[in-house]
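Q: My structure is stored as model_28.txt, with compact mmCIF, C-alpha atoms.
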# COMPACT_ATOMS: atom_id res chain seq x y z
CA MET A 1 31.16 -17.14 57.57
CA ALA A 2 32.26 -16.94 61.18
CA GLY A 3 29.58 -15.37 63.33
CA PRO A 4 29.53 -14.46 67.01
CA ASN A 5 30.28 -17.25 69.49
CA ASN A 6 31.96 -19.28 66.74
CA GLN A 7 28.65 -20.38 65.23
CA GLN A 8 30.04 -21.12 61.79
CA ASP A 9 28.40 -24.57 61.72
CA SER A 10 24.95 -23.29 62.70
CA TRP A 11 24.57 -20.64 60.04
CA GLU A 12 25.95 -19.93 56.62
CA CYS A 13 26.41 -17.00 54.30
CA HIS A 14 27.24 -17.54 50.63
CA LEU A 15 27.96 -14.91 48.00
CA LYS A 16 27.64 -16.01 44.40
CA CYS A 17 27.57 -14.32 41.01
CA GLY A 18 25.09 -15.35 38.35
CA ASP A 19 23.11 -17.84 40.43
CA VAL A 20 20.88 -18.12 43.46
CA ASN A 21 22.49 -20.01 46.32
CA SER A 22 19.79 -22.06 48.04
CA ARG A 23 20.08 -24.74 50.66
CA GLN A 24 18.98 -28.07 49.16
CA ASN A 25 19.61 -31.75 49.71
CA PRO A 26 21.99 -33.52 47.29
CA GLU A 27 19.22 -35.47 45.54
CA ALA A 28 17.21 -32.32 44.87
CA MET A 29 20.29 -30.57 43.51
CA ALA A 30 21.09 -33.51 41.29
CA GLY A 31 17.53 -33.48 39.96
CA SER A 32 17.71 -29.76 39.29
CA SER A 33 21.01 -30.22 37.46
CA ARG A 34 19.59 -32.89 35.19
CA ASN A 35 16.55 -30.79 34.38
CA TYR A 36 18.70 -27.72 33.69
CA GLN A 37 20.51 -29.75 31.06
CA LYS A 38 17.22 -30.69 29.44
CA PHE A 39 15.91 -27.14 29.52
CA TYR A 40 18.92 -25.60 27.87
CA GLY A 41 19.62 -28.55 25.59
CA ARG A 42 23.09 -29.18 26.95
CA ALA A 43 24.35 -32.70 27.50
CA GLN A 44 27.48 -32.94 29.57
CA ASN A 45 30.15 -35.63 29.29
CA MET A 46 29.35 -36.19 25.61
CA SER A 47 31.78 -36.05 22.72
CA THR A 48 31.53 -33.35 20.07
CA GLU A 49 30.19 -35.90 17.59
CA GLN A 50 27.51 -37.08 20.01
CA CYS A 51 26.44 -33.51 20.75
CA SER A 52 25.92 -32.87 17.07
CA THR A 53 23.70 -35.92 16.57
CA GLU A 54 21.99 -36.61 19.89
CA ARG A 55 19.60 -34.33 21.79
CA PRO A 56 18.24 -34.87 25.30
CA ALA A 57 14.67 -36.09 25.51
CA PRO A 58 12.18 -33.28 26.23
CA LEU A 59 10.67 -33.07 29.68
CA ASP A 60 7.20 -34.48 30.17
CA ARG A 61 4.52 -32.32 31.80
CA GLN A 62 5.19 -33.43 35.37
CA GLU A 63 8.95 -32.94 35.05
CA THR A 64 8.43 -29.49 33.56
CA VAL A 65 6.16 -28.43 36.42
CA GLN A 66 8.60 -29.75 39.03
CA THR A 67 11.57 -28.03 37.43
CA VAL A 68 9.80 -24.69 36.99
CA SER A 69 8.62 -24.91 40.61
CA ARG A 70 12.19 -25.46 41.82
CA LEU A 71 13.49 -22.51 39.84
CA LEU A 72 10.71 -20.17 40.97
CA LYS A 73 11.36 -21.07 44.60
CA GLN A 74 14.81 -19.58 44.08
CA ALA A 75 13.44 -16.31 42.66
CA PRO A 76 14.75 -13.35 44.70
CA PRO A 77 12.31 -11.26 46.74
CA GLY A 78 10.16 -9.02 44.57
CA GLU A 79 11.26 -10.68 41.33
CA PHE A 80 8.79 -13.53 40.93
CA ASP A 81 7.08 -11.91 37.92
CA LYS A 82 10.34 -11.48 35.99
CA ALA A 83 11.49 -15.02 36.78
CA PHE A 84 8.11 -16.40 35.69
CA SER A 85 8.23 -14.47 32.39
CA ASP A 86 11.73 -15.76 31.62
CA LEU A 87 10.76 -19.36 32.36
CA ARG A 88 7.60 -18.97 30.30
CA ALA A 89 9.73 -18.06 27.29
CA LEU A 90 12.01 -21.06 27.89
CA VAL A 91 9.22 -23.60 28.41
CA GLU A 92 7.29 -22.45 25.33
CA ASP A 93 4.02 -23.88 26.66
CA ASP A 94 1.68 -21.02 27.60
CA GLY A 95 -1.15 -23.40 28.39
CA LEU A 96 0.85 -25.21 31.06
CA MET A 97 2.36 -22.04 32.54
CA CYS A 98 -0.99 -20.24 32.75
CA GLU A 99 -2.63 -23.28 34.30
CA GLU A 100 0.08 -23.65 36.96
CA ALA A 101 0.76 -19.92 37.52
CA SER A 102 -1.55 -19.55 40.52
CA GLY A 103 0.00 -22.53 42.29
CA PHE A 104 3.55 -21.33 41.64
CA CYS A 105 2.68 -17.87 42.91
CA ALA A 106 0.95 -19.24 46.03
CA VAL A 107 4.05 -21.21 47.03
CA HIS A 108 6.25 -18.15 46.51
CA ASN A 109 3.95 -15.86 48.54
CA LYS A 110 3.78 -18.27 51.49
CA ASP A 111 7.51 -19.02 51.46
CA HIS A 112 8.35 -15.30 51.46
CA PHE A 113 5.75 -14.32 54.10
CA THR A 114 4.01 -11.88 51.77
CA PRO A 115 2.31 -9.07 53.76
CA VAL A 116 -1.38 -8.27 53.30
CA ARG A 117 -2.78 -4.92 54.36
CA ALA A 118 -6.47 -4.49 53.53
CA GLU A 119 -9.84 -3.94 55.21
CA GLY A 120 -8.23 -3.31 58.61
CA CYS A 121 -6.12 -6.49 58.33
CA GLU A 122 -2.36 -6.61 58.67
CA VAL A 123 -1.16 -10.17 58.35
CA LEU A 124 1.48 -12.31 56.69
CA LEU A 125 0.61 -15.06 54.24
CA THR A 126 2.12 -18.28 55.60
CA ARG A 127 1.30 -21.97 55.66
CA HIS A 128 0.54 -21.56 59.38
CA ASN A 129 -2.53 -19.36 58.90
CA GLU A 130 -3.84 -20.99 55.72
CA LEU A 131 -7.31 -22.36 56.41
CA GLU A 132 -7.85 -23.98 53.02
CA GLU A 133 -6.70 -23.34 49.49
CA ASN A 134 -6.34 -19.56 48.95
CA HIS A 135 -8.12 -18.79 52.26
CA PHE A 136 -6.20 -17.31 55.18
CA LEU A 137 -6.81 -16.21 58.76
CA ASP A 138 -5.87 -12.96 60.44
CA PRO A 139 -6.02 -14.02 64.10
CA GLN A 140 -5.47 -10.51 65.42
CA SER A 141 -8.56 -9.13 63.64
CA GLN A 142 -10.28 -12.54 63.87
CA VAL A 143 -11.31 -12.51 60.23
CA SER A 144 -10.70 -14.88 57.34
CA PHE A 145 -10.31 -13.86 53.71
CA GLU A 146 -9.69 -15.20 50.24
CA TYR A 147 -6.47 -14.19 48.53
CA ASP A 148 -5.88 -14.02 44.79
CA HIS A 149 -2.16 -14.76 44.48
CA LEU A 150 -1.88 -13.60 40.88
CA ARG A 151 -3.66 -10.27 41.38
CA ARG A 152 -2.31 -9.91 44.94
CA LYS A 153 -5.73 -8.97 46.21
CA ALA A 154 -7.66 -10.00 49.34
CA SER A 155 -11.46 -10.33 49.30
CA ASP A 156 -14.44 -12.07 50.90
CA PHE A 157 -13.68 -11.05 54.48
CA GLN A 158 -15.54 -13.13 57.08
CA ALA A 159 -15.66 -13.07 60.88
CA HIS A 160 -13.63 -15.93 62.34
CA PRO A 161 -13.62 -15.80 66.17
CA GLU A 162 -11.18 -17.90 68.20
CA GLU A 163 -12.89 -20.51 70.38
CA ASP A 164 -9.93 -21.20 72.68
CA GLU A 165 -10.03 -18.15 74.96
CA LYS A 166 -7.02 -19.16 77.09
CA GLY A 167 -4.91 -19.89 74.03
CA GLU A 168 -5.97 -16.59 72.46
CA GLN A 169 -4.88 -14.78 75.62
CA TRP A 170 -1.36 -16.20 75.24
CA ARG A 171 -1.32 -15.47 71.52
CA ARG A 172 -2.32 -11.82 71.96
CA GLU A 173 0.37 -11.21 74.57
CA LEU A 174 2.98 -12.69 72.26
CA GLN A 175 1.64 -10.69 69.30
CA GLU A 176 1.70 -7.36 71.12
CA SER A 177 5.22 -7.84 72.48
CA LEU A 178 6.55 -9.00 69.11
CA LYS A 179 4.80 -6.14 67.29
CA ALA A 180 6.53 -3.58 69.52
CA TYR A 181 9.91 -5.15 68.73
CA VAL A 182 9.23 -5.27 64.98
CA SER A 183 8.00 -1.67 64.89
CA GLU A 184 11.23 -0.53 66.51
CA HIS A 185 13.64 -2.50 64.30
CA TYR A 186 11.86 -2.95 60.94
CA PRO A 187 10.28 0.17 59.38
CA GLU A 188 8.50 -1.91 56.73
CA GLY A 189 8.18 -5.02 58.88
CA LEU A 190 5.17 -7.06 59.89
CA CYS A 191 4.72 -9.95 62.30
CA GLY A 192 2.13 -12.56 63.16
CA VAL A 193 1.64 -15.11 65.92
CA PHE A 194 -0.44 -18.17 65.09
CA ILE A 195 -1.72 -20.91 67.35
CA LYS A 196 -2.34 -24.60 66.67
CA ASP A 197 -4.34 -26.28 69.41
CA THR A 198 -3.94 -30.02 69.92
CA ALA A 199 -5.39 -32.37 72.52
CA VAL A 200 -2.40 -32.09 74.87
CA ARG A 201 -0.63 -28.84 74.02
CA ARG A 202 -0.78 -25.52 72.21
CA ILE A 203 1.79 -24.85 69.49
CA PHE A 204 2.68 -21.20 68.84
CA VAL A 205 4.34 -20.04 65.62
CA ALA A 206 5.67 -16.49 65.36
CA CYS A 207 6.67 -15.07 61.97
CA ILE A 208 8.51 -11.84 61.15
CA ALA A 209 9.08 -10.41 57.67
CA SER A 210 10.52 -7.17 56.34
CA HIS A 211 10.53 -6.69 52.56
CA GLN A 212 12.65 -4.04 50.87
CA HIS A 213 12.10 -3.85 47.11
CA LYS A 214 14.17 -1.17 45.34
CA PRO A 215 14.32 -2.19 41.65
CA SER A 216 15.05 1.41 40.62
CA ALA A 217 18.23 1.18 42.69
CA SER A 218 18.96 -2.32 41.33
CA TRP A 219 18.44 -4.27 44.55
CA ASN A 220 15.79 -6.20 46.48
CA GLY A 221 15.92 -7.79 49.91
CA LEU A 222 14.04 -9.75 52.55
CA TRP A 223 14.64 -10.46 56.23
CA LYS A 224 12.35 -13.08 57.71
CA SER A 225 12.32 -15.35 60.72
CA GLU A 226 10.08 -18.11 62.03
CA TRP A 227 9.85 -19.27 65.67
CA THR A 228 8.01 -22.28 67.08
CA PHE A 229 7.40 -23.54 70.61
CA ALA A 230 4.77 -25.58 72.46
CA LEU A 231 3.04 -25.05 75.81
CA THR A 232 1.17 -27.45 78.06
CA PRO A 233 -0.81 -26.49 81.22
CA ALA A 234 2.11 -27.69 83.38
CA SER A 235 4.91 -26.09 81.36
CA THR A 236 7.67 -24.31 83.28
CA SER A 237 9.98 -24.13 80.28
CA THR A 238 9.87 -24.94 76.59
CA GLU A 239 12.26 -25.33 73.66
CA VAL A 240 12.10 -22.63 71.01
CA SER A 241 13.15 -23.48 67.46
CA GLY A 242 13.83 -20.64 65.07
CA THR A 243 15.10 -20.02 61.55
CA ILE A 244 16.40 -16.63 60.41
CA THR A 245 16.70 -16.02 56.68
CA VAL A 246 18.21 -13.02 54.90
CA GLN A 247 18.04 -12.70 51.10
CA ALA A 248 19.43 -9.92 48.95
CA HIS A 249 19.90 -9.46 45.21
CA TYR A 250 22.02 -6.71 43.68
CA PHE A 251 21.91 -6.44 39.90
CA GLU A 252 23.45 -3.15 38.75
CA ASP A 253 25.99 -4.09 36.06
CA GLY A 254 26.22 -7.55 37.61
CA ASN A 255 24.32 -10.25 39.41
CA VAL A 256 25.11 -10.83 43.09
CA HIS A 257 22.95 -12.94 45.41
CA LEU A 258 23.27 -13.13 49.18
CA ASN A 259 21.56 -15.91 51.14
CA VAL A 260 21.98 -16.25 54.89
CA THR A 261 20.24 -18.93 56.95
CA ARG A 262 20.71 -19.50 60.64
CA ASP A 263 18.92 -22.07 62.80
CA VAL A 264 18.38 -21.29 66.49
CA GLU A 265 17.57 -23.56 69.43
CA GLU A 266 16.94 -21.91 72.81
CA THR A 267 15.16 -22.64 76.10
CA LEU A 268 12.36 -20.29 77.18
CA LEU A 269 11.21 -20.08 80.79
CA VAL A 270 7.41 -20.10 81.14
CA THR A 271 5.66 -18.04 83.82
CA ASP A 272 2.60 -15.89 83.12
CA GLU A 273 1.53 -14.68 79.69
CA ALA A 274 3.05 -11.18 79.84
CA GLN A 275 6.42 -12.18 81.31
CA THR A 276 6.80 -15.16 78.97
CA ALA A 277 6.04 -12.92 75.98
CA ARG A 278 8.72 -10.43 77.06
CA GLU A 279 11.31 -13.18 77.53
CA PHE A 280 10.43 -14.63 74.14
CA VAL A 281 11.00 -11.28 72.42
CA LYS A 282 14.36 -10.89 74.20
CA LEU A 283 15.34 -14.30 72.84
CA VAL A 284 14.36 -13.30 69.30
CA GLU A 285 16.14 -9.96 69.53
CA LYS A 286 19.36 -11.56 70.79
CA ALA A 287 19.44 -14.13 67.97
CA GLU A 288 18.65 -11.61 65.24
CA ARG A 289 21.24 -9.17 66.57
CA GLN A 290 23.88 -11.90 66.39
CA VAL A 291 23.03 -12.48 62.73
CA GLN A 292 23.16 -8.75 62.01
CA THR A 293 26.51 -8.40 63.80
CA GLY A 294 27.91 -11.38 61.92
CA LEU A 295 26.84 -9.88 58.60
CA MET A 296 28.47 -6.54 59.38
CA GLU A 297 31.70 -8.29 60.33
CA GLU A 298 31.60 -10.24 57.08
CA TYR A 299 31.02 -7.08 55.05
CA GLN A 300 34.20 -5.62 56.51
CA LYS A 301 36.15 -8.71 55.41
CA MET A 302 34.63 -8.53 51.93
CA LYS A 303 36.32 -5.21 51.22
CA ASP A 304 39.73 -6.89 51.15
CA THR A 305 38.69 -10.31 49.83
CA TYR A 306 35.61 -11.01 47.70
CA VAL A 307 34.94 -7.50 46.42
CA LYS A 308 38.63 -6.89 45.70
CA ALA A 309 38.81 -10.15 43.75
CA PHE A 310 35.87 -9.04 41.57
CA ARG A 311 37.70 -5.92 40.41
CA ARG A 312 40.09 -5.84 37.48
CA GLN A 313 43.68 -4.90 38.21
CA LEU A 314 44.68 -1.44 37.01
CA PRO A 315 47.16 -1.29 34.09
CA ILE A 316 50.78 -0.29 34.65
CA THR A 317 49.80 3.39 34.39
CA HIS A 318 47.53 2.95 37.44
CA THR A 319 44.72 4.75 35.64
CA THR A 320 41.49 3.38 34.22
CA LEU A 321 41.05 3.17 30.47
CA ASP A 322 38.61 5.58 28.88
CA TRP A 323 36.96 3.07 26.56
CA GLU A 324 34.48 5.59 25.17
CA ARG A 325 37.29 7.94 24.15
CA MET A 326 39.20 5.08 22.54
CA MET A 327 36.17 4.00 20.53
CA THR A 328 35.55 7.58 19.40
CA ALA A 329 39.17 7.86 18.27
CA LYS A 330 38.87 4.64 16.27
CA ILE A 331 35.67 5.81 14.59
CA VAL A 332 37.34 9.12 13.64
CA GLU A 333 40.39 7.25 12.32
CA VAL A 334 38.21 5.01 10.12
CA HIS A 335 36.38 8.03 8.70
CA ILE A 336 39.71 9.75 7.88
CA LYS A 337 41.00 6.68 6.04
CA GLN A 338 37.80 6.45 4.04
Let's see the structure in the file written out as structure tokens.
A:
Amino acid sequence: MAGPNNQQDSWECHLKCGDVNSRQNPEAMAGSSRNYQKFYGRAQNMSTEQCSTERPAPLDRQETVQTVSRLLKQAPPGEFDKAFSDLRALVEDDGLMCEEASGFCAVHNKDHFTPVRAEGCEVLLTRHNELEENHFLDPQSQVSFEYDHLRRKASDFQAHPEEDEKGEQWRRELQESLKAYVSEHYPEGLCGVFIKDTAVRRIFVACIASHQHKPSASWNGLWKSEWTFALTPASTSTEVSGTITVQAHYFEDGNVHLNVTRDVEETLLVTDEAQTAREFVKLVEKAERQVQTGLMEEYQKMKDTYVKAFRRQLPITHTTLDWERMMTAKIVEVHIKQ
């Protein structure tokens, strides 16, 4: 996909039917391929005689867990439950699946920046605000809570004040500026800014997520982005690293997955808290607008390329066949002959 400013190498958009297109390293893909063969009992590069007499060895427990985990990581937004149920039927080991379900679900929730709105909290579940297993921090409300990933329920809310007052000042400015941007552009969106204090610098991580789940209309989608930069007391500028991810799944009479990932590297000038926060949001808005513009340009191209290739050619009459009418006529003809 060619995006604005000829950034084809820095971001990619793939459209595939019948499979999720995820960015993986070659070794991981090779491992997934081998395990797919074991799951479905297919052995490639074997003769017909070998296939009839030899069967692949079953996966051991660790291999099964790893393979299921890989597949669930590829589950489209809002479809974890369905993917888990399908894999449960394939694995045929309810004990293992029930034992590992919470862990699988936790990984999915953190990877997809699952939003939590409860008890005055509005926060995303990410690895950046995880205090310990199943316990998360809402820095804006300064409370911690336990989250049940299977039931999708937050509980045990506790006060959790921030000790670094200067760092919290920076974080709040960034949060407020980013929240205003998200409220304007994402009706269902939520954002969070998290701080990691080290001995020499403060690391800020900003996360944005907007989930759109419309199973009744046969589609689900997610737009998320993650931004990281560090500040020291003497900072006049800093490098911002960001990743923008767009996922969509359309499944009405078909199975189409869209995955877009773009990495961003920009320089941010550092002045006071308020001005730096405004400049940071401008940087985010510019990068996300470029992705949006690139997608819209690609959609226009799809009309005459990908989508056209999916359609069947019309017959010589240039009219579609009425298959229901044809079947009815055949049924009537059979009854007459009888």
Q: Report, in Å with one decimal, the straight-line distance from atom CA of Gln142 of chain A to atom CA of Glu168 of chain A.
A: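 Those two atoms sit 10.4 Å apart.
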Q: Determine, for each residue of segment 181-293 of chain A having at least one atom at most 7 Å from an atom of segment 66-90 of chain A, the closest pair of atoms and their separation in Å to one decimal, counting only C-alpha atoms; order by chain and ascending number, as CSV.
A:
residue,atom,partner,partner_atom,distance
A:His213,CA,A:Gly78,CA,6.1
A:Asn220,CA,A:Pro77,CA,6.1
A:Gly221,CA,A:Pro77,CA,5.9
A:Leu222,CA,A:Pro77,CA,6.2
A:His249,CA,A:Pro76,CA,6.5
Q: Do you have the atom CA of Ser241 of chain A-atom CA of Leu124 of chain A distance handy?
A: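 About the pair atom CA of Ser241 of chain A and atom CA of Leu124 of chain A: they are 19.4 Å apart.
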Q: Could you tell me how far atom CA of Gln275 of chain A sits from atom CA of Gln292 of chain A, in Å to one decimal place?
A: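 Here the two named atoms are 25.8 Å from each other.
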Q: Extract, using all atoms listed in the file, all DNA, RNA and protein residues at most 10 Å from Arg171 of chain A, discarding same-chain residues fewer than 2 positions from it, and format them as a count of residues only.
A: 20
Q: Set the distance at 7 Å and use all atoms listed in the file: which residues neighbour Ser102 of chain A once local chain neighbours fewer than 2 positions away are removed? I'd like the list as JSON, numbers by chain.
A: {"A": [100, 104, 105, 106, 149, 150]}
Q: Which residue is closest to Thr126 of chain A? Choose from A:Ala234, A:Val291, A:Val260, A:Ile208 and count all atoms listed in the file.
A: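 Closest residue, counting all atoms listed in the file: A:Ile208.
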Q: For Arg172 of chain A, which residue among A:Thr293, A:Thr276, A:Gln158, A:Ser216 is the nearest when counting all atoms listed in the file?
A: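 Nearest to Arg172 of chain A: A:Thr276.
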Q: Could you write out as lines of an AutoDock Vina configuration file the box around segment 181-200 of chain A (axis-aligned, all atoms listed in the file, 8 Å on each side), with centre and edge lengths in Å to one decimal?
A:
center_x = 4.1
center_y = -16.1
center_z = 65.8
size_x = 35.0
size_y = 48.5
size_z = 34.1
Q: Between A:Ser235, A:Thr228, A:Thr317, A:Thr198, which is the closest to Asp164 of chain A once you count all atoms listed in the file?
A: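 Distance minimum relative to Asp164 of chain A lands on A:Thr198.
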Q: Considering all atoms listed in the file, return as a list in words whatever protein or nucleic-acid residues lie within 9 Å of Phe157 of chain A, sequence-local ones (same chain, fewer than 2 positions apart) excluded.
A: Glu119, Val143, Ser144, Phe145, Glu146, Ala154, Ser155 and Ala159 of chain A
Q: Rank nothing, just name the residue among A:Asp322, A:Glu226, A:Asp93, A:Glu279 nearest to Val246 of chain A, using all atoms listed in the file.
A: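 Of A:Asp322, A:Glu226, A:Asp93, A:Glu279, the one nearest Val246 of chain A is A:Glu226, counting all atoms listed in the file.
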Q: Excluding Val200 of chain A and any residue of its chain fewer than 2 positions from it, enumerate the residues within 12 Å of it, using all atoms listed in the file, and give them as a VMD selection string.
A: chain A and resid 196 to 198 202 to 203 230 to 235
